[in-house]
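Asker: I am sharing upload24.cif, which consists of mmCIF, C-alpha atoms (C1' of nucleotides):
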```cif
data_model
loop_
_atom_site.group_PDB
_atom_site.id
_atom_site.type_symbol
_atom_site.label_atom_id
_atom_site.label_comp_id
_atom_site.auth_asym_id
_atom_site.auth_seq_id
_atom_site.Cartn_x
_atom_site.Cartn_y
_atom_site.Cartn_z
ATOM 1 C CA MET A 1 133.412 104.496 100.456
ATOM 2 C CA ARG A 2 130.881 104.717 103.204
ATOM 3 C CA GLN A 3 127.696 102.824 103.226
ATOM 4 C CA LYS A 4 124.715 103.631 105.270
ATOM 5 C CA LYS A 5 123.422 101.043 107.646
ATOM 6 C CA LYS A 6 120.172 99.723 106.340
ATOM 7 C CA SER A 7 117.420 101.278 108.365
ATOM 8 C CA GLU A 8 114.590 99.088 109.489
ATOM 9 C CA LEU A 9 112.378 102.138 109.672
ATOM 10 C CA LEU A 10 109.903 103.299 107.077
ATOM 11 C CA THR A 11 110.313 106.632 105.367
ATOM 12 C CA GLU A 12 107.504 109.171 105.497
ATOM 13 C CA VAL A 13 105.781 108.072 102.312
ATOM 14 C CA GLU A 14 106.429 104.427 102.929
ATOM 15 C CA LEU A 15 104.643 104.744 106.255
ATOM 16 C CA GLU A 16 101.772 106.567 104.598
ATOM 17 C CA PHE A 17 101.345 103.645 102.234
ATOM 18 C CA MET A 18 101.777 100.975 104.881
ATOM 19 C CA ASN A 19 99.024 102.616 106.871
ATOM 20 C CA GLU A 20 96.675 102.249 103.937
ATOM 21 C CA LEU A 21 97.698 98.662 103.362
ATOM 22 C CA TRP A 22 97.249 97.854 107.036
ATOM 23 C CA ALA A 23 93.782 99.366 106.901
ATOM 24 C CA LEU A 24 92.898 97.498 103.722
ATOM 25 C CA GLY A 25 94.544 94.232 104.667
ATOM 26 C CA GLU A 26 95.916 94.095 101.134
ATOM 27 C CA GLY A 27 95.426 95.961 97.895
ATOM 28 C CA THR A 28 96.520 96.939 94.423
ATOM 29 C CA VAL A 29 98.197 100.178 93.436
ATOM 30 C CA ARG A 30 94.773 101.498 92.533
ATOM 31 C CA ASP A 31 93.275 100.464 95.855
ATOM 32 C CA VAL A 32 95.947 102.249 97.835
ATOM 33 C CA LEU A 33 95.766 105.335 95.657
ATOM 34 C CA ASP A 34 92.010 105.530 96.115
ATOM 35 C CA GLN A 35 92.432 105.170 99.831
ATOM 36 C CA LEU A 36 94.572 108.290 100.125
ATOM 37 C CA PRO A 37 92.848 111.311 101.635
ATOM 38 C CA GLU A 38 91.300 114.090 99.587
ATOM 39 C CA GLY A 39 93.815 116.543 98.307
ATOM 40 C CA ARG A 40 96.673 114.107 98.325
ATOM 41 C CA GLU A 41 97.575 114.230 94.664
ATOM 42 C CA LEU A 42 99.929 111.553 93.533
ATOM 43 C CA ALA A 43 100.525 110.138 90.090
ATOM 44 C CA TYR A 44 99.616 106.515 89.591
ATOM 45 C CA THR A 45 103.184 105.678 88.695
ATOM 46 C CA SER A 46 104.445 107.302 91.874
ATOM 47 C CA ALA A 47 102.225 105.052 93.926
ATOM 48 C CA ALA A 48 103.441 102.058 91.968
ATOM 49 C CA THR A 49 107.034 103.062 92.609
ATOM 50 C CA ILE A 50 106.492 103.346 96.330
ATOM 51 C CA LEU A 51 104.942 99.907 96.499
ATOM 52 C CA ARG A 52 107.799 98.521 94.433
ATOM 53 C CA ILE A 53 110.265 100.006 96.906
ATOM 54 C CA LEU A 54 108.337 98.598 99.844
ATOM 55 C CA GLU A 55 108.597 95.201 98.229
ATOM 56 C CA GLN A 56 112.321 95.600 97.565
ATOM 57 C CA LYS A 57 112.795 96.411 101.225
ATOM 58 C CA ASN A 58 110.709 93.405 102.223
ATOM 59 C CA PHE A 59 108.039 95.367 104.019
ATOM 60 C CA VAL A 60 105.399 93.911 101.687
ATOM 61 C CA THR A 61 105.093 91.064 99.260
ATOM 62 C CA SER A 62 102.819 90.719 96.255
ATOM 63 C CA ARG A 63 100.971 88.185 94.224
ATOM 64 C CA LYS A 64 99.705 88.540 90.688
ATOM 65 C CA GLU A 65 95.983 88.634 90.057
ATOM 66 C CA GLY A 66 95.182 88.973 86.414
ATOM 67 C CA LYS A 67 97.429 91.749 85.244
ATOM 68 C CA ARG A 68 97.622 93.415 88.618
ATOM 69 C CA HIS A 69 99.782 93.024 91.642
ATOM 70 C CA VAL A 70 98.098 92.662 94.981
ATOM 71 C CA PHE A 71 100.323 93.893 97.748
ATOM 72 C CA VAL A 72 100.264 92.370 101.221
ATOM 73 C CA PRO A 73 102.083 93.626 104.298
ATOM 74 C CA LEU A 74 104.861 91.419 105.583
ATOM 75 C CA LEU A 75 105.409 93.740 108.496
ATOM 76 C CA ALA A 76 102.584 93.840 111.038
ATOM 77 C CA LYS A 77 101.446 97.192 112.290
ATOM 78 C CA ASP A 78 101.836 96.132 115.928
ATOM 79 C CA THR A 79 105.397 95.087 115.269
ATOM 80 C CA TYR A 80 106.213 98.332 113.616
ATOM 81 C CA GLN A 81 104.566 100.341 116.354
ATOM 82 C CA ILE A 82 106.794 98.677 118.903
ATOM 83 C CA ARG A 83 109.847 99.166 116.731
ATOM 84 C CA SER A 84 109.115 102.856 116.296
ATOM 85 C CA LEU A 85 108.546 103.386 119.975
ATOM 86 C CA LYS A 86 111.822 101.737 120.837
ATOM 87 C CA ASP A 87 113.596 103.885 118.317
ATOM 88 C CA LEU A 88 112.038 107.061 119.648
ATOM 89 C CA SER A 89 112.641 106.048 123.223
ATOM 90 C CA MET A 90 116.285 105.396 122.507
ATOM 91 C CA LYS A 91 116.918 108.509 120.475
ATOM 92 C CA LEU A 92 114.961 111.059 122.464
ATOM 93 C CA PHE A 93 114.058 109.620 125.866
ATOM 94 C CA ASP A 94 117.358 108.161 127.045
ATOM 95 C CA ASP A 95 115.812 104.727 126.794
ATOM 96 C CA THR A 96 113.511 105.525 129.689
ATOM 97 C CA PRO A 97 109.921 104.645 128.792
ATOM 98 C CA ALA A 98 108.620 106.252 131.959
ATOM 99 C CA THR A 99 109.825 109.629 130.709
ATOM 100 C CA LEU A 100 108.020 109.042 127.495
ATOM 101 C CA VAL A 101 104.785 108.323 129.287
ATOM 102 C CA ALA A 102 105.359 111.330 131.492
ATOM 103 C CA ARG A 103 105.323 113.617 128.461
ATOM 104 C CA LEU A 104 102.259 111.876 127.181
ATOM 105 C CA VAL A 105 100.156 112.092 130.308
ATOM 106 C CA ASN A 106 101.158 115.665 131.032
ATOM 107 C CA ASP A 107 99.808 116.747 127.693
ATOM 108 C CA ASP A 108 96.802 118.940 128.416
ATOM 109 C CA GLU A 109 95.049 117.737 125.307
ATOM 110 C CA LEU A 110 94.955 114.208 126.621
ATOM 111 C CA THR A 111 91.401 113.337 127.519
ATOM 112 C CA GLU A 112 90.284 111.917 130.815
ATOM 113 C CA GLU A 113 89.044 108.913 128.935
ATOM 114 C CA ALA A 114 92.405 108.229 127.343
ATOM 115 C CA LEU A 115 94.023 108.592 130.714
ATOM 116 C CA GLY A 116 91.660 106.045 132.207
ATOM 117 C CA GLN A 117 92.359 103.624 129.371
ATOM 118 C CA ILE A 118 96.043 104.016 129.943
ATOM 119 C CA ARG A 119 95.752 103.213 133.602
ATOM 120 C CA ALA A 120 93.644 100.195 132.848
ATOM 121 C CA LEU A 121 96.336 98.921 130.506
ATOM 122 C CA VAL A 122 99.059 99.370 133.051
ATOM 123 C CA ASP A 123 97.020 97.762 135.809
ATOM 124 C CA ARG A 124 96.167 94.799 133.659
ATOM 125 C CA ARG A 125 99.797 94.251 132.813
ATOM 126 C CA LEU A 126 100.854 94.536 136.447
ATOM 127 C CA LYS A 127 98.167 92.088 137.481
ATOM 128 C CA ASN A 128 99.184 89.559 134.852
ATOM 129 C CA ASP A 129 102.792 89.761 135.924
ATOM 130 C CA SER A 130 102.061 89.089 139.570
ATOM 131 C CA GLY A 131 99.286 86.589 138.977
ATOM 132 C CA MET B 1 101.390 133.700 100.305
ATOM 133 C CA ARG B 2 103.063 130.414 99.782
ATOM 134 C CA GLN B 3 105.619 129.452 102.319
ATOM 135 C CA LYS B 4 108.268 126.832 102.017
ATOM 136 C CA LYS B 5 107.208 123.802 103.928
ATOM 137 C CA LYS B 6 109.234 123.882 107.071
ATOM 138 C CA SER B 7 109.218 120.723 109.036
ATOM 139 C CA GLU B 8 109.201 121.311 112.737
ATOM 140 C CA LEU B 9 110.960 118.013 113.174
ATOM 141 C CA LEU B 10 114.686 117.455 113.454
ATOM 142 C CA THR B 11 116.532 115.248 111.011
ATOM 143 C CA GLU B 12 118.548 112.325 112.292
ATOM 144 C CA VAL B 13 121.834 114.174 112.642
ATOM 145 C CA GLU B 14 120.195 117.337 113.874
ATOM 146 C CA LEU B 15 118.639 115.338 116.689
ATOM 147 C CA GLU B 16 121.966 113.715 117.473
ATOM 148 C CA PHE B 17 123.481 117.168 117.904
ATOM 149 C CA MET B 18 120.573 118.606 119.840
ATOM 150 C CA ASN B 19 120.886 115.741 122.280
ATOM 151 C CA GLU B 20 124.490 116.706 122.952
ATOM 152 C CA LEU B 21 123.602 120.342 123.309
ATOM 153 C CA TRP B 22 120.755 119.523 125.676
ATOM 154 C CA ALA B 23 123.155 117.463 127.763
ATOM 155 C CA LEU B 24 125.793 120.183 127.746
ATOM 156 C CA GLY B 25 123.431 123.084 128.168
ATOM 157 C CA GLU B 26 125.447 124.904 125.535
ATOM 158 C CA GLY B 27 128.691 124.406 123.670
ATOM 159 C CA THR B 28 131.045 125.143 120.813
ATOM 160 C CA VAL B 29 131.561 123.010 117.744
ATOM 161 C CA ARG B 30 134.509 121.428 119.514
ATOM 162 C CA ASP B 31 132.483 120.714 122.636
ATOM 163 C CA VAL B 32 129.776 118.930 120.720
ATOM 164 C CA LEU B 33 132.244 117.007 118.614
ATOM 165 C CA ASP B 34 134.070 115.799 121.718
ATOM 166 C CA GLN B 35 130.782 114.766 123.245
ATOM 167 C CA LEU B 36 129.989 112.347 120.429
ATOM 168 C CA PRO B 37 130.419 108.669 121.282
ATOM 169 C CA GLU B 38 133.514 106.667 120.438
ATOM 170 C CA GLY B 39 133.598 105.522 116.889
ATOM 171 C CA ARG B 40 131.435 108.295 115.604
ATOM 172 C CA GLU B 41 133.849 109.827 113.131
ATOM 173 C CA LEU B 42 132.865 113.203 111.865
ATOM 174 C CA ALA B 43 134.983 115.960 110.383
ATOM 175 C CA TYR B 44 135.129 119.178 112.328
ATOM 176 C CA THR B 45 133.647 121.099 109.433
ATOM 177 C CA SER B 46 130.757 118.672 109.234
ATOM 178 C CA ALA B 47 129.880 119.375 112.822
ATOM 179 C CA ALA B 48 130.140 123.099 112.179
ATOM 180 C CA THR B 49 127.801 122.755 109.220
ATOM 181 C CA ILE B 50 125.205 120.906 111.234
ATOM 182 C CA LEU B 51 125.223 123.572 113.923
ATOM 183 C CA ARG B 52 124.961 126.252 111.268
ATOM 184 C CA ILE B 53 121.913 124.508 109.850
ATOM 185 C CA LEU B 54 120.352 124.166 113.291
ATOM 186 C CA GLU B 55 120.785 127.889 113.718
ATOM 187 C CA GLN B 56 119.298 128.636 110.295
ATOM 188 C CA LYS B 57 116.278 126.563 111.278
ATOM 189 C CA ASN B 58 116.029 128.379 114.584
ATOM 190 C CA PHE B 59 116.521 125.329 116.743
ATOM 191 C CA VAL B 60 119.559 126.968 118.341
ATOM 192 C CA THR B 61 121.069 130.400 118.614
ATOM 193 C CA SER B 62 124.696 131.388 119.180
ATOM 194 C CA ARG B 63 126.845 134.042 120.713
ATOM 195 C CA LYS B 64 130.449 134.835 119.934
ATOM 196 C CA GLU B 65 133.073 134.169 122.579
ATOM 197 C CA GLY B 66 136.509 135.096 121.385
ATOM 198 C CA LYS B 67 136.744 133.614 117.961
ATOM 199 C CA ARG B 68 134.312 130.845 118.699
ATOM 200 C CA HIS B 69 130.578 130.458 118.544
ATOM 201 C CA VAL B 70 128.807 129.102 121.548
ATOM 202 C CA PHE B 71 125.581 127.404 120.559
ATOM 203 C CA VAL B 72 122.542 127.374 122.809
ATOM 204 C CA PRO B 73 119.318 125.441 122.275
ATOM 205 C CA LEU B 74 116.253 127.527 121.558
ATOM 206 C CA LEU B 75 114.096 124.433 121.523
ATOM 207 C CA ALA B 76 113.682 122.709 124.883
ATOM 208 C CA LYS B 77 114.035 118.970 125.023
ATOM 209 C CA ASP B 78 110.687 118.580 126.798
ATOM 210 C CA THR B 79 108.984 120.550 124.084
ATOM 211 C CA TYR B 80 110.527 118.475 121.391
ATOM 212 C CA GLN B 81 109.699 115.241 123.166
ATOM 213 C CA ILE B 82 106.050 116.219 123.225
ATOM 214 C CA ARG B 83 106.157 117.295 119.609
ATOM 215 C CA SER B 84 107.688 114.023 118.522
ATOM 216 C CA LEU B 85 105.208 111.973 120.460
ATOM 217 C CA LYS B 86 102.303 113.811 118.905
ATOM 218 C CA ASP B 87 103.760 113.269 115.485
ATOM 219 C CA LEU B 88 104.262 109.560 116.079
ATOM 220 C CA SER B 89 100.863 109.179 117.661
ATOM 221 C CA MET B 90 99.222 110.836 114.695
ATOM 222 C CA LYS B 91 101.133 108.974 112.024
ATOM 223 C CA LEU B 92 101.233 105.494 113.487
ATOM 224 C CA PHE B 93 98.708 105.232 116.326
ATOM 225 C CA ASP B 94 95.591 106.767 114.815
ATOM 226 C CA ASP B 95 95.925 109.612 117.271
ATOM 227 C CA THR B 96 95.092 107.247 120.104
ATOM 228 C CA PRO B 97 97.635 107.634 122.901
ATOM 229 C CA ALA B 98 96.192 104.634 124.729
ATOM 230 C CA THR B 99 97.240 102.389 121.878
ATOM 231 C CA LEU B 100 100.701 103.803 122.085
ATOM 232 C CA VAL B 101 100.937 103.022 125.766
ATOM 233 C CA ALA B 102 99.512 99.595 125.115
ATOM 234 C CA ARG B 103 102.441 98.745 122.859
ATOM 235 C CA LEU B 104 104.804 100.138 125.407
ATOM 236 C CA VAL B 105 103.544 98.223 128.411
ATOM 237 C CA ASN B 106 103.175 94.980 126.506
ATOM 238 C CA ASP B 107 106.833 95.069 125.605
ATOM 239 C CA ASP B 108 108.401 92.156 127.435
ATOM 240 C CA GLU B 109 111.613 94.039 127.897
ATOM 241 C CA LEU B 110 109.868 96.655 129.980
ATOM 242 C CA THR B 111 111.000 96.294 133.568
ATOM 243 C CA GLU B 112 108.674 95.987 136.513
ATOM 244 C CA GLU B 113 110.217 99.153 137.845
ATOM 245 C CA ALA B 114 109.424 101.149 134.726
ATOM 246 C CA LEU B 115 105.899 99.819 134.812
ATOM 247 C CA GLY B 116 105.478 100.991 138.397
ATOM 248 C CA GLN B 117 106.813 104.412 137.503
ATOM 249 C CA ILE B 118 104.373 104.669 134.667
ATOM 250 C CA ARG B 119 101.443 103.821 136.890
ATOM 251 C CA ALA B 120 102.568 106.372 139.429
ATOM 252 C CA LEU B 121 102.644 109.027 136.729
ATOM 253 C CA VAL B 122 99.175 108.196 135.536
ATOM 254 C CA ASP B 123 97.770 108.056 139.045
ATOM 255 C CA ARG B 124 99.285 111.390 139.954
ATOM 256 C CA ARG B 125 97.807 112.982 136.885
ATOM 257 C CA LEU B 126 94.375 111.494 137.546
ATOM 258 C CA LYS B 127 94.498 112.664 141.131
ATOM 259 C CA ASN B 128 95.452 116.196 140.148
ATOM 260 C CA ASP B 129 92.641 116.381 137.659
ATOM 261 C CA SER B 130 89.973 115.360 140.094
ATOM 262 C CA GLY B 131 91.443 117.319 143.006
ATOM 263 C "C1'" DT C 1 153.735 142.655 113.156
ATOM 264 C "C1'" DT C 2 154.239 138.357 111.422
ATOM 265 C "C1'" DT C 3 152.878 133.795 111.804
ATOM 266 C "C1'" DG C 4 150.254 129.804 112.559
ATOM 267 C "C1'" DA C 5 146.809 126.950 114.661
ATOM 268 C "C1'" DA C 6 142.006 127.032 115.338
ATOM 269 C "C1'" DT C 7 137.698 128.539 113.777
ATOM 270 C "C1'" DT C 8 134.242 130.123 110.556
ATOM 271 C "C1'" DA C 9 132.047 130.656 105.885
ATOM 272 C "C1'" DC C 10 130.715 128.770 101.832
ATOM 273 C "C1'" DG C 11 129.705 125.565 98.551
ATOM 274 C "C1'" DA C 12 129.811 121.236 96.501
ATOM 275 C "C1'" DA C 13 129.886 116.107 96.430
ATOM 276 C "C1'" DA C 14 127.550 112.014 97.698
ATOM 277 C "C1'" DG C 15 123.617 109.749 99.425
ATOM 278 C "C1'" DT C 16 118.640 109.249 100.138
ATOM 279 C "C1'" DC C 17 113.743 110.260 99.323
ATOM 280 C "C1'" DT C 18 109.836 111.523 96.522
ATOM 281 C "C1'" DT C 19 107.734 112.091 92.364
ATOM 282 C "C1'" DC C 20 106.775 111.290 87.668
ATOM 283 C "C1'" DG C 21 107.434 110.288 82.511
ATOM 284 C "C1'" DT C 22 108.266 106.989 78.870
ATOM 285 C "C1'" DA C 23 108.271 102.565 77.200
ATOM 286 C "C1'" DT C 24 106.617 98.049 77.573
ATOM 287 C "C1'" DT C 25 103.461 94.470 78.825
ATOM 288 C "C1'" DT C 26 98.995 92.573 79.780
ATOM 289 C "C1'" DA C 27 94.296 91.118 79.346
ATOM 290 C "C1'" DC C 28 90.149 91.995 77.169
ATOM 291 C "C1'" DT C 29 87.128 93.090 73.163
ATOM 292 C "C1'" DC C 30 85.971 93.184 68.457
ATOM 293 C "C1'" DG D 1 94.994 88.753 65.346
ATOM 294 C "C1'" DA D 2 94.630 94.066 66.003
ATOM 295 C "C1'" DG D 3 93.316 97.641 68.916
ATOM 296 C "C1'" DT D 4 92.893 99.644 73.403
ATOM 297 C "C1'" DA D 5 92.774 100.793 78.196
ATOM 298 C "C1'" DA D 6 95.065 99.665 82.313
ATOM 299 C "C1'" DA D 7 99.026 98.102 84.647
ATOM 300 C "C1'" DT D 8 103.992 97.283 85.201
ATOM 301 C "C1'" DA D 9 109.098 98.231 84.681
ATOM 302 C "C1'" DC D 10 112.639 101.269 84.645
ATOM 303 C "C1'" DG D 11 115.113 105.239 85.089
ATOM 304 C "C1'" DA D 12 115.838 109.828 86.053
ATOM 305 C "C1'" DA D 13 114.810 114.613 87.782
ATOM 306 C "C1'" DG D 14 114.448 117.422 91.755
ATOM 307 C "C1'" DA D 15 114.483 118.096 96.643
ATOM 308 C "C1'" DC D 16 116.465 117.208 100.901
ATOM 309 C "C1'" DT D 17 120.193 115.299 104.028
ATOM 310 C "C1'" DT D 18 124.796 114.352 105.380
ATOM 311 C "C1'" DT D 19 129.521 114.926 104.913
ATOM 312 C "C1'" DC D 20 133.630 117.304 103.875
ATOM 313 C "C1'" DG D 21 137.174 120.329 101.432
ATOM 314 C "C1'" DT D 22 138.939 124.904 100.437
ATOM 315 C "C1'" DA D 23 139.365 129.576 101.455
ATOM 316 C "C1'" DA D 24 138.970 133.296 104.557
ATOM 317 C "C1'" DT D 25 139.091 134.959 109.226
ATOM 318 C "C1'" DT D 26 140.525 135.346 113.976
ATOM 319 C "C1'" DC D 27 143.191 135.448 118.089
ATOM 320 C "C1'" DA D 28 147.387 135.054 120.381
ATOM 321 C "C1'" DA D 29 152.162 133.892 120.811
ATOM 322 C "C1'" DA D 30 156.696 134.832 119.297
#
```
Turn the structure described in the file into structure tokens.
Answerer:
Amino acid sequence: MRQKKKSELLTEVELEFMNELWALGEGTVRDVLDQLPEGRELAYTSAATILRILEQKNFVTSRKEGKRHVFVPLLAKDTYQIRSLKDLSMKLFDDTPATLVARLVNDDELTEEALGQIRALVDRRLKNDSG
Amino acid sequence: MRQKKKSELLTEVELEFMNELWALGEGTVRDVLDQLPEGRELAYTSAATILRILEQKNFVTSRKEGKRHVFVPLLAKDTYQIRSLKDLSMKLFDDTPATLVARLVNDDELTEEALGQIRALVDRRLKNDSG
DNA sequence: TTTGAATTACGAAAGTCTTCGTATTTACTC
DNA sequence: GAGTAAATACGAAGACTTTCGTAATTCAAA
């Protein structure tokens, strides 16, 4: 019998729902469903199932309000962003963040503004380290 | 005409194999299998299946050499790195690359050296744009 | 040319992910 | 309390992913 190592990563739909919860702060099944973009058709019970799974996996918790559950993220978006980047860096960039940034900044679609913001971030971090 | 949704992204195991092929340049089932890290147990036929699937999905092609197939990437690693970053940026960073870099550079584990490399990359790109 | 080890071809089992239906429960209204 | 609309609980179908076994094929050595 082989058992798969429990992944700390969200699946596609789980991430879709976490994004809505992060945007809302917290919300019921109905809230999240209403938040989904036009054209994303999903049965109410499907949404409820996804939130149930997120709770089972400890990505969210819930409290009861009247007859509804209000779901609240346990996992912060920042935290998950970092986790995802590390995973991607490890799996596809030989654990070399500079290579990752290289691909990013060489993308022609990257705006001058974004590029400037990026440099500001790096400079600020370098300054803080030395200061 | 309705087309089957084809994800342009590699699955977990597909990526694992593409990484070996990218490192090797090209290789047979045996080559890739031998390249896998210690402790990664995988039946020969499983490896063959994965390469077959990669070929079906047009991520690799193959030529026959003697009785063996030699598999060659059709998808370049650079290309796939960019594709993955765009996907992650869209799904988790509100399509804001600066936020992505912010998480990266605020990671405490990031070395001073990596940080310097990143700034050099950004500076070079900014210089080229203005020049 | 027969034989056998290595390889390929195919499909199926096992696991995971996504979606939804049915049954039950809940709170509110009459 | 009975009726009702909304919500929850549970399970299961269908699609996709990962792994592997069996059968057929291939090349080369005896």
Asker: List, as a PyMOL selection string, every residue that the PyMOL selection byres ((chain C) within 9 of (chain B)) selects in the file provided.
Answerer: chain C and resi 6-8
Asker: Which RMSD value, in Å, describes how well chain B fits onto chain A when all C-alpha atoms are paired in order and fitted by least squares?
Answerer: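 The C-alpha RMSD comes out at 1.6 Å.
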Asker: Could you tell me, as a PyMOL selection string, exactly which residues end up selected when the PyMOL selection byres ((chain B) within 7 of (chain A)) is applied to this structure?
Answerer: chain B and resi 81-82+92+97-98+101-105+114+117-119+121-122
Asker: Please determine the residues with any atom at most 12 Å from (103.7, 90.6, 89.5) (coordinates as given in the file, with all atoms listed in the file counting) and report them as JSON, numbers by chain.
Answerer: {"A": [28, 29, 48, 51, 52, 55, 61, 62, 63, 64, 65, 66, 67, 68, 69, 70, 71], "C": [25, 26], "D": [7, 8, 9]}
Asker: Mind dumping the selected residues with C-alpha atoms (C1' of nucleotides) as a PDB file, keeping the file's coordinate frame?
Answerer:
```
ATOM      1  CA  THR A  28      96.520  96.939  94.423  1.00  0.00           C
ATOM      2  CA  VAL A  29      98.197 100.178  93.436  1.00  0.00           C
ATOM      3  CA  ALA A  48     103.441 102.058  91.968  1.00  0.00           C
ATOM      4  CA  LEU A  51     104.942  99.907  96.499  1.00  0.00           C
ATOM      5  CA  ARG A  52     107.799  98.521  94.433  1.00  0.00           C
ATOM      6  CA  GLU A  55     108.597  95.201  98.229  1.00  0.00           C
ATOM      7  CA  THR A  61     105.093  91.064  99.260  1.00  0.00           C
ATOM      8  CA  SER A  62     102.819  90.719  96.255  1.00  0.00           C
ATOM      9  CA  ARG A  63     100.971  88.185  94.224  1.00  0.00           C
ATOM     10  CA  LYS A  64      99.705  88.540  90.688  1.00  0.00           C
ATOM     11  CA  GLU A  65      95.983  88.634  90.057  1.00  0.00           C
ATOM     12  CA  GLY A  66      95.182  88.973  86.414  1.00  0.00           C
ATOM     13  CA  LYS A  67      97.429  91.749  85.244  1.00  0.00           C
ATOM     14  CA  ARG A  68      97.622  93.415  88.618  1.00  0.00           C
ATOM     15  CA  HIS A  69      99.782  93.024  91.642  1.00  0.00           C
ATOM     16  CA  VAL A  70      98.098  92.662  94.981  1.00  0.00           C
ATOM     17  CA  PHE A  71     100.323  93.893  97.748  1.00  0.00           C
TER      18      PHE A  71
ATOM     19  C1'  DT C  25     103.461  94.470  78.825  1.00  0.00           C
ATOM     20  C1'  DT C  26      98.995  92.573  79.780  1.00  0.00           C
TER      21       DT C  26
ATOM     22  C1'  DA D   7      99.026  98.102  84.647  1.00  0.00           C
ATOM     23  C1'  DT D   8     103.992  97.283  85.201  1.00  0.00           C
ATOM     24  C1'  DA D   9     109.098  98.231  84.681  1.00  0.00           C
TER      25       DA D   9
END
```
Asker: Mind running chain D against chain B at 9 Å and telling me each contacting residue's nearest atom pair with the distance in Å (one decimal), counting only C-alpha atoms (C1' of nucleotides), chain and number ascending, as CSV?
Answerer:
```
residue,atom,partner,partner_atom,distance
D:DT17,C1',B:Thr11,CA,7.9
D:DT18,C1',B:Val13,CA,7.8
D:DT19,C1',B:Ser46,CA,5.9
D:DC20,C1',B:Ser46,CA,6.2
D:DG21,C1',B:Thr45,CA,8.8
D:DT26,C1',B:Lys67,CA,5.8
D:DC27,C1',B:Lys67,CA,6.7
```
Asker: Name the residues in contact with DT2 of chain C at a cut-off of 12 Å, using only C-alpha atoms (C1' of nucleotides), excluding same-chain residues fewer than 2 positions from it; report them as a list in words.
Answerer: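 What passes the distance filter is DG4 of chain C; DA28, DA29 and DA30 of chain D.
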Asker: Output C-alpha atoms (C1' of nucleotides) for every residue in the selection just made, as a PDB file, keeping the file's coordinate frame.
Answerer:
```pdb
ATOM      1  C1'  DG C   4     150.254 129.804 112.559  1.00  0.00           C
TER       2       DG C   4
ATOM      3  C1'  DA D  28     147.387 135.054 120.381  1.00  0.00           C
ATOM      4  C1'  DA D  29     152.162 133.892 120.811  1.00  0.00           C
ATOM      5  C1'  DA D  30     156.696 134.832 119.297  1.00  0.00           C
TER       6       DA D  30
END
```
Asker: Go through the shown structure with the PyMOL selection byres ((chain A and resi 26) around 8) and write out the matching residues as a ChimeraX atom specification.
Answerer: /A:21-22,24-25,27-28,70-73
Asker: Between atom CA of Asn128 of chain B and atom CA of Asp95 of chain B, measure the distance and give it in Å to one decimal.
Answerer: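 Result for atom CA of Asn128 of chain B versus atom CA of Asp95 of chain B: 23.8 Å, one decimal.
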Asker: Suppose you want the space between atom C1' of DA13 of chain D and atom C1' of DG21 of chain C; what is it in Å?
Answerer: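 The value is 10.0 Å.
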Asker: Atom CA of Asp87 of chain B and atom CA of Glu20 of chain B, how far apart in Å?
Answerer: 22.3 Å
Asker: Return the single residue from C:DA23, C:DA5, C:DA13, C:DC30 that is closest to DG11 of chain D, with distances computed using all atoms listed in the file.
Answerer: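 Smallest distance to DG11 of chain D is found for C:DA23.
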Asker: My list of candidates is D:DA5, D:DC10, D:DC16, D:DA23. Which is closest to DA9 of chain C when distances are computed with all atoms listed in the file?
Answerer: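 Going through D:DA5, D:DC10, D:DC16, D:DA23 one by one, the smallest distance to DA9 of chain C is for D:DA23.
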Asker: Produce the centre coordinates and the three edge lengths, each in Å to one decimal, of the box along x, y and z that contains all listed atoms of segment 7-20 of chain D with 6 Å added on each side, as AutoDock Vina command-line options.
Answerer:
```
--center_x 116.3 --center_y 107.7 --center_z 95.0 --size_x 46.6 --size_y 32.8 --size_z 32.7
```
